[in-house]
>>> print(open('model00.cif').read())   # mmCIF, C-alpha atoms and all ligand atoms
data_run
#
loop_
_atom_site.label_atom_id
_atom_site.label_comp_id
_atom_site.auth_asym_id
_atom_site.auth_seq_id
_atom_site.Cartn_x
_atom_site.Cartn_y
_atom_site.Cartn_z
CA MET A 716 15.32 -8.61 9.37
CA ARG A 717 11.95 -9.23 7.75
CA ILE A 718 9.90 -6.16 6.90
CA ALA A 719 6.28 -6.61 5.79
CA ILE A 720 5.28 -3.99 3.23
CA VAL A 721 1.59 -3.22 2.92
CA SER A 722 -0.08 -0.56 0.80
CA ASP A 723 -3.48 0.62 -0.37
CA ILE A 724 -5.53 -0.91 2.42
CA HIS A 725 -8.43 1.34 1.45
CA ALA A 726 -10.45 0.86 4.62
CA ASN A 727 -10.87 -2.86 3.98
CA LEU A 728 -10.65 -4.33 7.47
CA ALA A 729 -11.24 -7.96 6.46
CA ALA A 730 -8.33 -7.73 4.02
CA ILE A 731 -5.79 -6.15 6.37
CA GLU A 732 -6.75 -8.55 9.16
CA ALA A 733 -6.10 -11.48 6.82
CA VAL A 734 -2.79 -10.01 5.69
CA ILE A 735 -1.60 -9.48 9.27
CA ARG A 736 -2.61 -13.05 10.14
CA HIS A 737 -0.67 -14.32 7.14
CA ALA A 738 2.37 -12.16 7.90
CA LYS A 739 2.40 -13.50 11.45
CA SER A 740 2.24 -17.06 10.13
CA VAL A 741 5.30 -16.59 7.89
CA GLY A 742 7.05 -14.29 10.37
CA TYR A 743 7.96 -10.62 10.25
CA ASP A 744 9.83 -8.19 12.46
CA SER A 745 8.19 -4.94 11.45
CA MET A 746 5.53 -3.67 9.09
CA ILE A 747 5.40 -0.48 7.03
CA CYS A 748 2.55 1.02 5.01
CA LEU A 749 2.94 2.88 1.71
CA GLY A 750 -0.27 4.87 2.05
CA ASP A 751 -3.97 4.93 1.13
CA VAL A 752 -5.03 3.53 4.46
CA VAL A 753 -8.50 4.95 3.84
CA GLY A 754 -10.79 5.69 0.90
CA TYR A 755 -13.33 3.49 -0.94
CA GLY A 756 -13.81 0.95 1.87
CA PRO A 757 -16.26 0.72 4.78
CA ASP A 758 -13.83 0.59 7.74
CA PRO A 759 -11.66 3.72 7.78
CA LEU A 760 -11.52 4.12 11.56
CA GLU A 761 -10.47 0.57 12.37
CA CYS A 762 -8.00 0.47 9.50
CA VAL A 763 -6.27 3.65 10.66
CA ASP A 764 -6.16 2.22 14.19
CA ILE A 765 -4.64 -1.03 12.94
CA VAL A 766 -1.96 0.85 11.01
CA ARG A 767 -1.26 3.02 14.07
CA SER A 768 -0.83 -0.01 16.29
CA THR A 769 0.84 -2.40 13.83
CA CYS A 770 2.99 -0.40 11.43
CA GLU A 771 6.27 1.28 12.21
CA TRP A 772 5.18 4.13 9.95
CA SER A 773 2.81 4.91 7.12
CA LEU A 774 2.98 7.24 4.15
CA LEU A 775 0.38 9.75 3.04
CA GLY A 776 -1.50 8.40 0.02
CA ASN A 777 -3.72 10.42 -2.28
CA HIS A 778 -6.85 9.03 -0.61
CA ASP A 779 -5.51 9.87 2.85
CA PHE A 780 -4.76 13.35 1.48
CA ALA A 781 -8.31 13.54 0.11
CA ALA A 782 -9.85 12.60 3.43
CA LEU A 783 -7.78 15.19 5.28
CA TYR A 784 -7.55 17.99 2.73
CA GLU A 785 -9.10 17.65 -0.73
CA PRO A 786 -9.63 15.05 -3.46
CA THR A 787 -7.29 15.73 -6.39
CA ASN A 788 -8.35 14.49 -9.86
CA PHE A 789 -10.88 12.08 -8.34
CA ASN A 790 -13.84 10.68 -10.26
CA PRO A 791 -17.27 11.15 -8.63
CA VAL A 792 -17.28 7.67 -7.03
CA ALA A 793 -13.89 8.22 -5.39
CA ARG A 794 -14.72 11.81 -4.43
CA ASN A 795 -17.98 10.86 -2.70
CA ALA A 796 -16.20 8.04 -0.85
CA ALA A 797 -13.49 10.51 0.26
CA PHE A 798 -16.05 12.91 1.70
CA TRP A 799 -17.86 10.06 3.46
CA THR A 800 -14.50 8.93 4.87
CA ARG A 801 -13.78 12.45 6.08
CA ALA A 802 -17.09 12.55 7.91
CA GLN A 803 -16.18 9.29 9.63
CA VAL A 804 -12.68 10.34 10.60
CA PHE A 805 -13.73 13.74 11.89
CA GLY A 806 -16.72 12.37 13.74
CA THR A 807 -19.51 14.06 11.86
CA THR A 808 -21.45 10.88 11.37
CA ALA A 809 -19.42 8.34 13.27
CA ALA A 810 -20.95 8.06 16.74
CA ALA A 811 -23.57 5.45 15.87
CA GLN A 812 -21.12 3.49 13.73
CA ILE A 813 -18.55 3.45 16.51
CA GLU A 814 -21.06 1.93 18.91
CA GLU A 815 -21.88 -0.67 16.27
CA VAL A 816 -18.21 -1.46 15.70
CA LEU A 817 -17.66 -1.84 19.46
CA ARG A 818 -20.57 -4.28 19.63
CA GLY A 819 -19.11 -6.13 16.64
CA LEU A 820 -15.70 -6.38 18.30
CA ALA A 821 -17.27 -7.80 21.47
CA ALA A 822 -19.21 -10.33 19.38
CA ARG A 823 -16.07 -11.37 17.51
CA GLN A 824 -14.22 -11.82 20.78
CA ALA A 825 -17.08 -13.95 22.09
CA ALA A 826 -16.89 -16.05 18.91
CA GLY A 827 -13.16 -16.53 19.38
CA GLU A 828 -12.21 -14.64 16.21
CA ILE A 829 -10.06 -12.11 18.07
CA ASP A 830 -8.48 -12.40 21.48
CA ALA A 831 -9.31 -10.29 24.52
CA ALA A 832 -6.15 -8.18 24.33
CA ASP A 833 -6.74 -7.35 20.68
CA CYS A 834 -10.36 -6.49 21.41
CA ALA A 835 -9.36 -4.24 24.31
CA THR A 836 -6.69 -2.40 22.28
CA ARG A 837 -8.96 -1.82 19.34
CA SER A 838 -11.87 -0.72 21.54
CA THR A 839 -9.66 1.79 23.33
CA MET A 840 -8.35 3.18 20.06
CA LEU A 841 -11.85 3.44 18.62
CA ARG A 842 -12.85 5.65 21.52
CA ASP A 843 -9.96 8.05 20.84
CA PRO A 844 -10.77 9.88 17.60
CA LYS A 845 -8.41 12.76 18.42
CA ALA A 846 -5.37 10.45 18.48
CA ARG A 847 -6.47 8.98 15.15
CA VAL A 848 -6.75 12.40 13.53
CA ASP A 849 -3.40 13.44 15.02
CA PHE A 850 -1.82 10.31 13.54
CA LEU A 851 -3.23 11.01 10.09
CA PHE A 852 -1.98 14.59 10.18
CA SER A 853 1.47 13.37 11.23
CA ILE A 854 2.13 11.07 8.28
CA SER A 855 4.29 12.32 5.41
CA PRO A 856 4.44 11.54 1.69
CA ARG A 857 8.06 10.34 1.72
CA HIS A 858 10.19 8.09 3.89
CA VAL A 859 13.62 6.48 3.65
CA LEU A 860 13.99 2.83 4.62
CA LEU A 861 17.33 1.34 5.68
CA ASP A 862 19.22 4.11 3.81
CA ARG A 863 18.64 2.19 0.58
CA TYR A 864 14.99 2.61 -0.37
CA ILE A 865 13.04 5.77 -1.00
CA CYS A 866 9.44 5.02 -0.10
CA VAL A 867 6.59 7.00 -1.61
CA HIS A 868 2.95 6.30 -2.36
CA GLY A 869 2.86 7.45 -5.99
CA SER A 870 6.20 7.94 -7.71
CA PRO A 871 9.63 9.34 -6.81
CA THR A 872 8.76 12.27 -9.09
CA ARG A 873 5.36 13.04 -7.59
CA PRO A 874 5.09 11.14 -4.31
CA VAL A 875 1.37 11.49 -3.70
CA ASN A 876 -0.38 11.46 -7.05
CA GLU A 877 1.64 10.10 -9.99
CA TYR A 878 0.85 6.59 -11.21
CA LEU A 879 3.58 4.31 -12.55
CA PHE A 880 1.54 1.82 -14.55
CA PRO A 881 3.08 -1.44 -15.80
CA THR A 882 2.21 -0.40 -19.35
CA ASP A 883 4.35 2.74 -18.93
CA ALA A 884 7.48 0.60 -19.30
CA GLU A 885 6.67 0.29 -23.01
CA GLN A 886 4.22 3.07 -23.71
CA ASN A 887 5.63 5.87 -21.55
CA PRO A 888 9.17 4.86 -20.54
CA HIS A 889 10.28 8.45 -19.96
CA ARG A 890 7.94 8.64 -16.97
CA ILE A 891 9.65 5.63 -15.38
CA GLU A 892 13.14 6.84 -16.31
CA ARG A 893 12.42 10.22 -14.76
CA SER A 894 11.56 8.47 -11.50
CA PHE A 895 14.76 6.41 -11.60
CA ARG A 896 16.78 9.60 -12.12
CA MET A 897 15.27 10.98 -8.91
CA LEU A 898 16.38 7.99 -6.87
CA THR A 899 19.52 9.30 -5.25
CA MET A 900 20.39 10.02 -1.64
CA PRO A 901 23.50 11.51 0.00
CA SER A 902 25.87 8.81 1.24
CA PRO A 903 27.89 9.24 4.47
CA ASN A 904 30.83 10.66 2.46
CA GLY A 905 28.53 13.21 0.86
CA THR A 906 28.39 11.81 -2.67
CA PRO A 907 24.99 10.90 -4.10
CA GLN A 908 24.24 7.18 -4.02
CA ARG A 909 21.75 5.51 -6.35
CA VAL A 910 18.94 3.74 -4.54
CA SER A 911 15.76 1.81 -5.34
CA ALA A 912 12.19 2.68 -4.42
CA LEU A 913 9.09 1.15 -2.89
CA VAL A 914 5.78 2.54 -4.15
CA GLY A 915 2.04 1.83 -4.07
CA HIS A 916 -0.85 3.62 -5.78
CA THR A 917 -1.51 1.47 -8.89
CA HIS A 918 -2.68 -1.55 -6.86
CA VAL A 919 -0.65 -3.82 -9.16
CA PRO A 920 2.20 -5.87 -7.65
CA GLY A 921 5.56 -6.20 -9.40
CA PHE A 922 8.57 -4.05 -10.13
CA PHE A 923 10.25 -1.88 -12.73
CA LEU A 924 13.87 -2.71 -13.45
CA GLU A 925 16.43 -0.21 -14.62
CA ASP A 926 18.71 -1.77 -17.19
CA ARG A 927 22.04 -0.08 -16.62
CA GLU A 928 23.87 -2.29 -19.10
CA PHE A 929 21.66 -0.91 -21.81
CA ALA A 930 22.24 2.58 -20.49
CA ASP A 931 26.02 2.16 -20.49
CA SER A 932 26.22 0.69 -23.97
CA SER A 933 23.56 2.71 -25.75
CA PRO A 934 24.50 5.48 -28.16
CA SER A 935 23.76 8.89 -26.76
CA GLY A 936 21.75 9.93 -29.79
CA ARG A 937 19.04 12.54 -29.34
CA GLY A 938 15.64 11.10 -28.63
CA ARG A 939 17.05 7.85 -27.26
CA SER A 940 16.18 6.80 -23.75
CA ASP A 941 19.12 7.15 -21.42
CA VAL A 942 18.07 4.02 -19.53
CA ALA A 943 15.88 1.08 -20.46
CA VAL A 944 13.10 0.03 -18.15
CA GLU A 945 11.21 -3.19 -17.88
CA TRP A 946 8.13 -4.21 -15.87
CA VAL A 947 8.22 -7.58 -14.13
CA GLY A 948 4.78 -8.68 -12.94
CA LEU A 949 3.82 -11.59 -10.74
CA PRO A 950 3.31 -15.03 -12.30
CA VAL A 951 -0.41 -15.79 -12.62
CA ASP A 952 -2.21 -17.46 -9.69
CA ILE A 953 0.80 -17.77 -7.41
CA ASP A 954 0.32 -17.79 -3.63
CA SER A 955 3.80 -16.38 -3.05
CA TRP A 956 6.73 -15.52 -5.27
CA THR A 957 10.33 -14.57 -4.61
CA PRO A 958 12.04 -13.10 -7.69
CA GLY A 959 15.37 -14.81 -8.30
CA GLU A 960 18.62 -13.50 -9.73
CA ASP A 961 17.18 -13.84 -13.25
CA GLU A 962 14.24 -11.57 -12.56
CA MET A 963 15.96 -9.14 -10.19
CA PRO A 964 19.67 -9.15 -11.10
CA ARG A 965 22.08 -8.09 -8.42
CA GLY A 966 23.14 -4.47 -8.72
CA MET A 967 20.18 -3.37 -10.82
CA ARG A 968 17.89 -0.80 -9.32
CA PHE A 969 14.14 -1.29 -9.15
CA ILE A 970 10.91 0.43 -8.24
CA LEU A 971 8.80 -2.17 -6.45
CA ASN A 972 5.08 -2.18 -5.76
CA PRO A 973 3.73 -4.72 -3.21
CA GLY A 974 0.21 -4.44 -4.67
CA SER A 975 -2.91 -3.52 -2.78
CA VAL A 976 -4.21 -5.07 0.41
CA GLY A 977 -7.76 -3.82 0.13
CA GLN A 978 -8.52 -3.30 -3.55
CA PRO A 979 -6.26 -5.31 -5.91
CA ARG A 980 -6.54 -4.34 -9.58
CA ASP A 981 -4.61 -7.06 -11.39
CA ARG A 982 -7.70 -9.26 -11.77
CA ASP A 983 -6.65 -11.34 -8.78
CA PRO A 984 -9.03 -10.41 -5.95
CA ARG A 985 -6.76 -11.74 -3.21
CA ALA A 986 -5.04 -9.23 -0.95
CA SER A 987 -1.47 -8.48 -1.96
CA TYR A 988 1.58 -7.53 0.08
CA ALA A 989 5.33 -8.23 0.18
CA ILE A 990 8.01 -9.11 2.69
CA LEU A 991 11.52 -7.70 2.41
CA GLU A 992 14.21 -9.91 3.88
CA THR A 993 17.29 -7.78 4.29
CA GLY A 994 20.62 -9.19 3.16
CA ASP A 995 23.96 -8.78 4.88
CA THR A 996 25.34 -5.69 3.15
CA THR A 997 28.87 -6.27 4.46
CA SER A 998 29.08 -9.55 2.54
CA GLY A 999 27.23 -8.18 -0.48
CA GLU A 1000 24.22 -10.42 0.09
CA PRO A 1001 21.23 -8.86 -1.72
CA ASP A 1002 17.88 -8.09 -0.17
CA ARG A 1003 15.14 -10.52 -1.11
CA PHE A 1004 11.50 -9.71 -1.69
CA THR A 1005 8.62 -12.16 -1.52
CA PHE A 1006 5.19 -11.24 -2.82
CA HIS A 1007 2.21 -12.87 -1.13
CA ARG A 1008 -1.43 -13.21 -2.13
CA VAL A 1009 -3.92 -13.82 0.65
CA GLU A 1010 -7.56 -14.85 0.44
CA TYR A 1011 -9.90 -12.91 2.67
CA ASP A 1012 -13.63 -12.67 3.33
CA ILE A 1013 -14.60 -10.38 0.45
CA ALA A 1014 -18.31 -10.90 1.17
CA ARG A 1015 -17.83 -9.42 4.65
CA THR A 1016 -16.50 -6.16 3.21
CA GLN A 1017 -19.14 -6.11 0.49
CA LYS A 1018 -21.91 -6.57 3.07
CA LYS A 1019 -20.61 -3.66 5.14
CA LEU A 1020 -20.55 -1.45 2.07
CA HIS A 1021 -24.09 -2.54 1.20
CA ASP A 1022 -25.37 -1.94 4.75
CA LEU A 1023 -23.78 1.50 4.91
CA ARG A 1024 -25.28 2.37 1.56
CA GLN A 1025 -28.70 1.23 2.74
CA ALA A 1026 -28.23 3.52 5.74
CA GLY A 1027 -27.59 6.47 3.44
CA ALA A 1028 -23.81 6.50 2.93
CA ASP A 1029 -22.75 7.83 -0.48
CA LEU A 1030 -20.76 4.73 -1.39
CA ASP A 1031 -21.23 3.51 -4.96
CA PRO A 1032 -22.17 -0.18 -5.52
CA TRP A 1033 -19.13 -0.52 -7.80
CA LEU A 1034 -16.90 -0.27 -4.73
CA ALA A 1035 -18.27 -3.63 -3.58
CA GLU A 1036 -18.50 -5.25 -7.01
CA ARG A 1037 -14.91 -4.52 -7.99
CA LEU A 1038 -13.50 -6.35 -4.96
CA GLU A 1039 -14.47 -9.79 -6.25
CA LEU A 1040 -13.24 -8.92 -9.74
CA GLY A 1041 -9.83 -7.73 -8.60
CA GLN A 1042 -10.05 -4.49 -10.54
FE FE B 1 -4.83 3.43 -3.64
#
>>> encode(input="model00.cif", output="structure tokens")
Amino acid sequence: MRIAIVSDIHANLAAIEAVIRHAKSVGYDSMICLGDVVGYGPDPLECVDIVRSTCEWSLLGNHDFAALYEPTNFNPVARNAAFWTRAQVFGTTAAAQIEEVLRGLAARQAAGEIDAADCATRSTMLRDPKARVDFLFSISPRHVLLDRYICVHGSPTRPVNEYLFPTDAEQNPHRIERSFRMLTMPSPNGTPQRVSALVGHTHVPGFFLEDREFADSSPSGRGRSDVAVEWVGLPVDIDSWTPGEDEMPRGMRFILNPGSVGQPRDRDPRASYAILETGDTTSGEPDRFTFHRVEYDIARTQKKLHDLRQAGADLDPWLAERLELGQ
């Protein structure tokens, strides 16, 4: 089974459309979303609709939480974008935009960019704001995948808001170790089993590895880490990358981040996502992950942000500028 893992779409329709096109081209059976469907970007309604219609489930990210409830520890740019997003989702200012989006969909169908069925589905969903709000209120901050991955937006310790930055592996390893310690689930015989995790939130693709050999052989002196952790990032400029046995040794647990679809922050502006290819557990075959980077029409998203801003939306210019910088 091939499971496409997307995260941090951030209301960037051009990016998620490109990722879905790419995922279809390489093949996938189902798609899951690790949260932050909305926030920052210009297309919250369509992005929620795409996740509703395409993903098996989504998690609640901190920006989804902000749009529904309240921004937590947001800077002014993010906070203003969250309140603008809320107004869109709850219909305060959306009527005119919805008509514009419907006209845009019809134009794109006429130009052959999307097919008639896709256009019809998306148009119907756009006209049903109640279902969209119900969907957003139904998503949770934690999900278990295949009985062997705990999926959260932030960290296993704090599923909505905690960041696990690559630099934490060296500068703040206790934060990563604490998350690994929380990665257990009851097995069928009732004993806790150690599992790995899939997370989003930092917008940086890669994975933390837990070095159990180190843990087993290390002295138990006070102040020593009880496990060692390592961050494995993507090789520079790759289009796709499947970590081999060297990078992801069999039997070692990991906390994997597929990167961000709609606002990458590793200085590569291309959309990022991953595909999990499940192994045959009865024969001990490991799961394999492949990271993908996908070019998309950044200028299209930037223009929408600019046009909305010109029309009075409180969306900072930096939200457009950062997309081409990948940060
Ligand atoms: Fe995010």
>>> atom_distance(input="model00.cif", atom1="CA of Asp764 in chain A", atom2="CA of Thr917 in chain A")
23.6 Å
>>> residues_near_point(input="model00.cif", point="(-8.6, 10.4, 13.4)", cutoff="7 Å", atoms="all atoms listed in the file", output="list in words")
Val804, Phe805, Pro844, Lys845, Ala846, Arg847, Val848, Asp849, Phe850 and Leu851 of chain A
>>> residues_near_ligand(input="model00.cif", ligand="ligand FE 1 (chain B)", cutoff="10 Å", atoms="only C-alpha atoms and all ligand atoms", output="PyMOL selection string")
chain A and resi 722-725+749-755+776-779+868-869+876+878+915-918+974-980
>>> atom_distance(input="model00.cif", atom1="CA of Glu877 in chain A", atom2="CA of Leu924 in chain A")
18.0 Å
>>> closest_residue(input="model00.cif", among="A:Asp1022, A:Phe789, A:Ala738, A:Ala729", to="Cys762 in chain A", atoms="all atoms listed in the file")
A:Ala729
>>> atom_distance(input="model00.cif", atom1="CA of Ala782 in chain A", atom2="CA of Ala797 in chain A")
5.3 Å
